Amino acid sequence: MRTWTCLLLLLALPFSAHAQIVDLDKGGYVLTYDCDNHTALRYEYTLTEDNGSEARPSSFYLDPDLPQGCEGQTSTASYQSEHDGYDRGHLVTSNHMDYSASYIHEANYMSNIVPQVSGFNQGVWVKAENIAECYRDIAPVTVYGGVIYDDTSNDYFQTSHGIRTPDYFWKTVVTTDPDTDEEKAISWLIPNEANLGSLDDYIVSIDELEADFGSSYVAINASAATKAMRPDTTWVQPSGCNLGLVAETQGP
């Protein structure tokens, strides 16, 4: 696993240590948002048993609820139109918000969207989303995640959209093991690339995420034992899981 010094280094110029960072409470989820760089840095939400069926919007929208002085992306146009091979990728997947018409609509706000390599978005990222989607029917799950900016060479969308391209994504799912009634977690740190292979190759522990990026940024509410967990393989998808719209990936 790559060694990082601290989050502020990863958000180095043109990211500023003095950037305006706000929490955007969208009801179904919360984004930690960098107003100056027009990107969410982190997200968090809790899911219970799936009973939703609201349709996902076919369009994307500028976020009308950003606080005064907080800037968002400048366009809803596809990233694909600017540079081939990139999707408008969700941080909080639409399907996880389908229990509320307003929440699933807001999941298509550009505050929840970043450039994702198409093969990543429609491949390994979907598999990670499926874990929360399936395990929510067994016990409530809390999903945490965020983006890491590390490389300026792939920042194709600053002129068109006002946003850099994330280089890594991390995601953590925390839930209760029904066999033991004990808390358990799984985390991944995944490069924003195509042809990544097995999700198992990117498993990390919460402890590793905190060591690499800082506990105040990762900010996962879990016990010390849970934070140390690092499963050898991704949790097995439960039989009979209804993946719904998760399998229907959003296009570019």
# chains A, B, ... in the order shown; residues from 1 in each chain; ligands from 1
>>> residues_around(residues="Ala55 of chain A", least_positions_apart="4", cutoff="8 Å", atoms="only C-alpha atoms", output="VMD selection string")
chain A and resid 98 101 104
>>> write_last_selection(atoms="N, CA and C atoms", output="PDB file, in the first residue's frame")
ATOM      1  N   ASP A  98     -33.002   5.507  -2.981  1.00  0.00           N
ATOM      2  CA  ASP A  98     -34.264   5.365  -3.691  1.00  0.00           C
ATOM      3  C   ASP A  98     -35.482   5.241  -2.778  1.00  0.00           C
ATOM      4  N   ALA A 101     -37.875  10.408  -2.894  1.00  0.00           N
ATOM      5  CA  ALA A 101     -37.791  11.106  -4.176  1.00  0.00           C
ATOM      6  C   ALA A 101     -36.821  12.279  -4.108  1.00  0.00           C
ATOM      7  N   ILE A 104     -33.000  10.874  -3.822  1.00  0.00           N
ATOM      8  CA  ILE A 104     -32.434  10.320  -5.048  1.00  0.00           C
ATOM      9  C   ILE A 104     -32.223  11.431  -6.081  1.00  0.00           C
TER      10      ILE A 104
END
>>> select_by_dssp(residues="segment 29-144 of chain A", states="helix (DSSP H, G or I)", output="JSON list (two decimals) with N, CA and C atoms, in the first residue's frame")
[["chain", "number", "residue", "atom", "x", "y", "z"],
["A", 94, "SER", "N", -27.07, 6.43, -6.42],
["A", 94, "SER", "CA", -28.50, 6.76, -6.47],
["A", 94, "SER", "C", -29.35, 5.69, -5.83],
["A", 95, "ASN", "N", -29.05, 4.44, -6.09],
["A", 95, "ASN", "CA", -29.91, 3.36, -5.62],
["A", 95, "ASN", "C", -30.02, 3.32, -4.10],
["A", 96, "HIS", "N", -28.99, 3.78, -3.41],
["A", 96, "HIS", "CA", -29.04, 3.78, -1.95],
["A", 96, "HIS", "C", -29.97, 4.87, -1.43],
["A", 97, "MET", "N", -30.37, 5.79, -2.29],
["A", 97, "MET", "CA", -31.27, 6.87, -1.89],
["A", 97, "MET", "C", -32.66, 6.70, -2.46],
["A", 101, "ALA", "N", -37.88, 10.41, -2.89],
["A", 101, "ALA", "CA", -37.79, 11.11, -4.18],
["A", 101, "ALA", "C", -36.82, 12.28, -4.11],
["A", 102, "SER", "N", -36.82, 13.00, -2.99],
["A", 102, "SER", "CA", -35.91, 14.15, -2.88],
["A", 102, "SER", "C", -34.47, 13.70, -2.73],
["A", 103, "TYR", "N", -34.22, 12.64, -1.98],
["A", 103, "TYR", "CA", -32.85, 12.18, -1.76],
["A", 103, "TYR", "C", -32.23, 11.65, -3.05],
["A", 104, "ILE", "N", -33.00, 10.87, -3.82],
["A", 104, "ILE", "CA", -32.43, 10.32, -5.05],
["A", 104, "ILE", "C", -32.22, 11.43, -6.08],
["A", 105, "HIS", "N", -33.07, 12.46, -6.04],
["A", 105, "HIS", "CA", -32.86, 13.61, -6.92],
["A", 105, "HIS", "C", -31.56, 14.33, -6.55],
["A", 106, "GLU", "N", -31.36, 14.55, -5.25],
["A", 106, "GLU", "CA", -30.16, 15.26, -4.81],
["A", 106, "GLU", "C", -28.89, 14.45, -5.05],
["A", 110, "MET", "N", -24.39, 17.84, -8.80],
["A", 110, "MET", "CA", -22.98, 17.73, -9.13],
["A", 110, "MET", "C", -22.08, 17.79, -7.90],
["A", 111, "SER", "N", -22.61, 18.19, -6.76],
["A", 111, "SER", "CA", -21.84, 18.13, -5.51],
["A", 111, "SER", "C", -21.53, 16.70, -5.11],
["A", 112, "ASN", "N", -22.31, 15.75, -5.62],
["A", 112, "ASN", "CA", -22.14, 14.32, -5.33],
["A", 112, "ASN", "C", -21.47, 13.58, -6.49],
["A", 118, "SER", "N", -14.41, 5.31, -16.64],
["A", 118, "SER", "CA", -15.61, 4.51, -16.94],
["A", 118, "SER", "C", -15.46, 3.07, -16.48],
["A", 119, "GLY", "N", -14.31, 2.46, -16.72],
["A", 119, "GLY", "CA", -14.10, 1.08, -16.30],
["A", 119, "GLY", "C", -14.13, 0.91, -14.80],
["A", 120, "PHE", "N", -13.70, 1.93, -14.08],
["A", 120, "PHE", "CA", -13.76, 1.93, -12.62],
["A", 120, "PHE", "C", -15.21, 2.05, -12.16],
["A", 121, "ASN", "N", -15.90, 3.06, -12.68],
["A", 121, "ASN", "CA", -17.27, 3.35, -12.27],
["A", 121, "ASN", "C", -18.20, 2.18, -12.54],
["A", 124, "VAL", "N", -15.34, -2.13, -10.69],
["A", 124, "VAL", "CA", -15.02, -2.41, -9.29],
["A", 124, "VAL", "C", -15.83, -1.54, -8.33],
["A", 125, "TRP", "N", -16.16, -0.30, -8.72],
["A", 125, "TRP", "CA", -16.93, 0.59, -7.85],
["A", 125, "TRP", "C", -18.34, 0.05, -7.62],
["A", 126, "VAL", "N", -18.94, -0.51, -8.66],
["A", 126, "VAL", "CA", -20.27, -1.11, -8.50],
["A", 126, "VAL", "C", -20.21, -2.28, -7.52],
["A", 127, "LYS", "N", -19.14, -3.07, -7.60],
["A", 127, "LYS", "CA", -19.01, -4.22, -6.70],
["A", 127, "LYS", "C", -18.93, -3.77, -5.24],
["A", 128, "ALA", "N", -18.24, -2.66, -5.00],
["A", 128, "ALA", "CA", -18.17, -2.13, -3.63],
["A", 128, "ALA", "C", -19.54, -1.60, -3.19],
["A", 129, "GLU", "N", -20.26, -0.95, -4.10],
["A", 129, "GLU", "CA", -21.61, -0.47, -3.78],
["A", 129, "GLU", "C", -22.55, -1.63, -3.45],
["A", 130, "ASN", "N", -22.35, -2.76, -4.13],
["A", 130, "ASN", "CA", -23.22, -3.91, -3.92],
["A", 130, "ASN", "C", -23.13, -4.46, -2.50],
["A", 131, "ILE", "N", -21.97, -4.31, -1.86],
["A", 131, "ILE", "CA", -21.82, -4.83, -0.50],
["A", 131, "ILE", "C", -22.81, -4.13, 0.44],
["A", 132, "ALA", "N", -22.84, -2.81, 0.40],
["A", 132, "ALA", "CA", -23.79, -2.09, 1.25],
["A", 132, "ALA", "C", -25.22, -2.41, 0.85],
["A", 133, "GLU", "N", -25.48, -2.49, -0.45],
["A", 133, "GLU", "CA", -26.83, -2.75, -0.92],
["A", 133, "GLU", "C", -27.37, -4.09, -0.43],
["A", 134, "CYS", "N", -26.51, -5.09, -0.37],
["A", 134, "CYS", "CA", -26.95, -6.42, 0.04],
["A", 134, "CYS", "C", -27.00, -6.58, 1.56],
["A", 135, "TYR", "N", -26.00, -6.05, 2.24],
["A", 135, "TYR", "CA", -25.92, -6.27, 3.68],
["A", 135, "TYR", "C", -26.89, -5.40, 4.46]]
>>> select_by_dssp(residues="segment 131-240 of chain A", states="strand (DSSP E or B)", output="VMD selection string")
chain A and resid 141 to 148 168 to 176 183 to 191 203 to 204
>>> closest_residue(among="A:Pro238, A:Pro166, A:Pro191, A:Pro64", to="Asp150 of chain A", atoms="only C-alpha atoms")
A:Pro166
>>> closest_residue(among="A:Ile138, A:Val147, A:Leu62, A:Cys70", to="Leu24 of chain A", atoms="only C-alpha atoms")
A:Cys70
>>> closest_residue(among="A:Asn192, A:Asn108, A:Thr39, A:Thr74", to="Lys26 of chain A", atoms="only C-alpha atoms")
A:Asn108
>>> closest_residue(among="A:Glu182, A:Asp200, A:Asp87, A:Asp212", to="Pro231 of chain A", atoms="only C-alpha atoms")
A:Asp200
>>> atom_distance(atom1="atom CA of Val143 of chain A", atom2="atom CA of Leu47 of chain A")
7.9 Å
>>> closest_residue(among="A:Ser59, A:Thr93, A:Asn37, A:Asn221", to="Ile21 of chain A", atoms="only C-alpha atoms")
A:Asn37
>>> residues_around(residues="Asp201 of chain A", least_positions_apart="2", cutoff="10 Å", atoms="only C-alpha atoms", output="VMD selection string")
chain A and resid 188 to 190 196 to 199 203 to 204 232 to 234
>>> residues_around(residues="Asp167 of chain A", least_positions_apart="3", cutoff="12 Å", atoms="only C-alpha atoms", output="list in words")
Leu10, Leu11, Val114, Pro115, Gln116, Val117, Phe120, Gly146, Val147, Ile148, Tyr149, Asp150, Asp151, Thr152, Ser153, Asn154, Asp155, Arg164, Trp170, Leu189, Ile190, Pro191, Asn192, Glu193 and Ala194 of chain A
>>> write_last_selection(atoms="N, CA and C atoms", output="PDB file, in the first residue's frame")
ATOM      1  N   LEU A  10      -1.901  15.738   0.213  1.00  0.00           N
ATOM      2  CA  LEU A  10      -2.655  15.254  -0.926  1.00  0.00           C
ATOM      3  C   LEU A  10      -3.528  16.353  -1.511  1.00  0.00           C
ATOM      4  N   LEU A  11      -3.897  17.308  -0.674  1.00  0.00           N
ATOM      5  CA  LEU A  11      -4.694  18.425  -1.142  1.00  0.00           C
ATOM      6  C   LEU A  11      -3.815  19.668  -1.326  1.00  0.00           C
ATOM      7  N   VAL A 114     -18.193  13.234  -9.333  1.00  0.00           N
ATOM      8  CA  VAL A 114     -16.791  13.518  -9.655  1.00  0.00           C
ATOM      9  C   VAL A 114     -16.403  12.719 -10.888  1.00  0.00           C
ATOM     10  N   PRO A 115     -15.308  13.097 -11.560  1.00  0.00           N
ATOM     11  CA  PRO A 115     -14.867  12.309 -12.712  1.00  0.00           C
ATOM     12  C   PRO A 115     -14.352  10.935 -12.284  1.00  0.00           C
ATOM     13  N   GLN A 116     -14.982   9.894 -12.820  1.00  0.00           N
ATOM     14  CA  GLN A 116     -14.539   8.527 -12.586  1.00  0.00           C
ATOM     15  C   GLN A 116     -14.241   7.859 -13.921  1.00  0.00           C
ATOM     16  N   VAL A 117     -13.109   7.178 -13.989  1.00  0.00           N
ATOM     17  CA  VAL A 117     -12.801   6.387 -15.172  1.00  0.00           C
ATOM     18  C   VAL A 117     -13.955   5.414 -15.407  1.00  0.00           C
ATOM     19  N   PHE A 120     -13.695   1.927 -14.079  1.00  0.00           N
ATOM     20  CA  PHE A 120     -13.762   1.929 -12.616  1.00  0.00           C
ATOM     21  C   PHE A 120     -15.214   2.052 -12.162  1.00  0.00           C
ATOM     22  N   GLY A 146     -14.578   8.565   0.561  1.00  0.00           N
ATOM     23  CA  GLY A 146     -14.014   9.846   0.176  1.00  0.00           C
ATOM     24  C   GLY A 146     -13.112   9.725  -1.035  1.00  0.00           C
ATOM     25  N   VAL A 147     -12.556  10.859  -1.420  1.00  0.00           N
ATOM     26  CA  VAL A 147     -11.699  10.946  -2.597  1.00  0.00           C
ATOM     27  C   VAL A 147     -10.330  11.460  -2.182  1.00  0.00           C
ATOM     28  N   ILE A 148      -9.336  11.048  -2.953  1.00  0.00           N
ATOM     29  CA  ILE A 148      -7.957  11.476  -2.739  1.00  0.00           C
ATOM     30  C   ILE A 148      -7.431  12.073  -4.034  1.00  0.00           C
ATOM     31  N   TYR A 149      -6.905  13.275  -3.958  1.00  0.00           N
ATOM     32  CA  TYR A 149      -6.287  13.933  -5.106  1.00  0.00           C
ATOM     33  C   TYR A 149      -4.778  13.915  -4.927  1.00  0.00           C
ATOM     34  N   ASP A 150      -4.082  13.379  -5.928  1.00  0.00           N
ATOM     35  CA  ASP A 150      -2.650  13.145  -5.759  1.00  0.00           C
ATOM     36  C   ASP A 150      -1.823  13.496  -6.987  1.00  0.00           C
ATOM     37  N   ASP A 151      -2.457  13.660  -8.154  1.00  0.00           N
ATOM     38  CA  ASP A 151      -1.737  13.760  -9.419  1.00  0.00           C
ATOM     39  C   ASP A 151      -2.425  14.802 -10.280  1.00  0.00           C
ATOM     40  N   THR A 152      -1.687  15.750 -10.823  1.00  0.00           N
ATOM     41  CA  THR A 152      -2.295  16.793 -11.645  1.00  0.00           C
ATOM     42  C   THR A 152      -2.315  16.450 -13.129  1.00  0.00           C
ATOM     43  N   SER A 153      -1.658  15.351 -13.526  1.00  0.00           N
ATOM     44  CA  SER A 153      -1.527  15.053 -14.952  1.00  0.00           C
ATOM     45  C   SER A 153      -2.842  14.623 -15.600  1.00  0.00           C
ATOM     46  N   ASN A 154      -3.816  14.199 -14.801  1.00  0.00           N
ATOM     47  CA  ASN A 154      -5.098  13.758 -15.354  1.00  0.00           C
ATOM     48  C   ASN A 154      -6.233  14.731 -15.048  1.00  0.00           C
ATOM     49  N   ASP A 155      -5.897  15.939 -14.727  1.00  0.00           N
ATOM     50  CA  ASP A 155      -6.918  16.939 -14.381  1.00  0.00           C
ATOM     51  C   ASP A 155      -7.448  17.594 -15.655  1.00  0.00           C
ATOM     52  N   ARG A 164     -10.930  18.964 -10.318  1.00  0.00           N
ATOM     53  CA  ARG A 164      -9.832  18.062 -10.633  1.00  0.00           C
ATOM     54  C   ARG A 164     -10.356  16.627 -10.743  1.00  0.00           C
ATOM     55  N   TRP A 170     -11.839   5.844  -1.488  1.00  0.00           N
ATOM     56  CA  TRP A 170     -11.924   4.878  -0.398  1.00  0.00           C
ATOM     57  C   TRP A 170     -13.371   4.735   0.040  1.00  0.00           C
ATOM     58  N   LEU A 189      -9.362   0.872  -0.624  1.00  0.00           N
ATOM     59  CA  LEU A 189      -8.711   2.055  -1.194  1.00  0.00           C
ATOM     60  C   LEU A 189      -8.374   1.694  -2.636  1.00  0.00           C
ATOM     61  N   ILE A 190      -9.043   2.354  -3.579  1.00  0.00           N
ATOM     62  CA  ILE A 190      -9.038   1.898  -4.970  1.00  0.00           C
ATOM     63  C   ILE A 190      -8.572   3.030  -5.892  1.00  0.00           C
ATOM     64  N   PRO A 191      -7.618   2.761  -6.778  1.00  0.00           N
ATOM     65  CA  PRO A 191      -7.208   3.794  -7.738  1.00  0.00           C
ATOM     66  C   PRO A 191      -8.288   4.033  -8.783  1.00  0.00           C
ATOM     67  N   ASN A 192      -8.371   5.247  -9.248  1.00  0.00           N
ATOM     68  CA  ASN A 192      -9.350   5.639 -10.263  1.00  0.00           C
ATOM     69  C   ASN A 192      -8.819   5.248 -11.638  1.00  0.00           C
ATOM     70  N   GLU A 193      -8.859   3.951 -11.895  1.00  0.00           N
ATOM     71  CA  GLU A 193      -8.290   3.388 -13.114  1.00  0.00           C
ATOM     72  C   GLU A 193      -9.196   2.291 -13.647  1.00  0.00           C
ATOM     73  N   ALA A 194      -8.981   1.918 -14.902  1.00  0.00           N
ATOM     74  CA  ALA A 194      -9.702   0.799 -15.500  1.00  0.00           C
ATOM     75  C   ALA A 194      -8.924  -0.494 -15.293  1.00  0.00           C
TER      76      ALA A 194
END
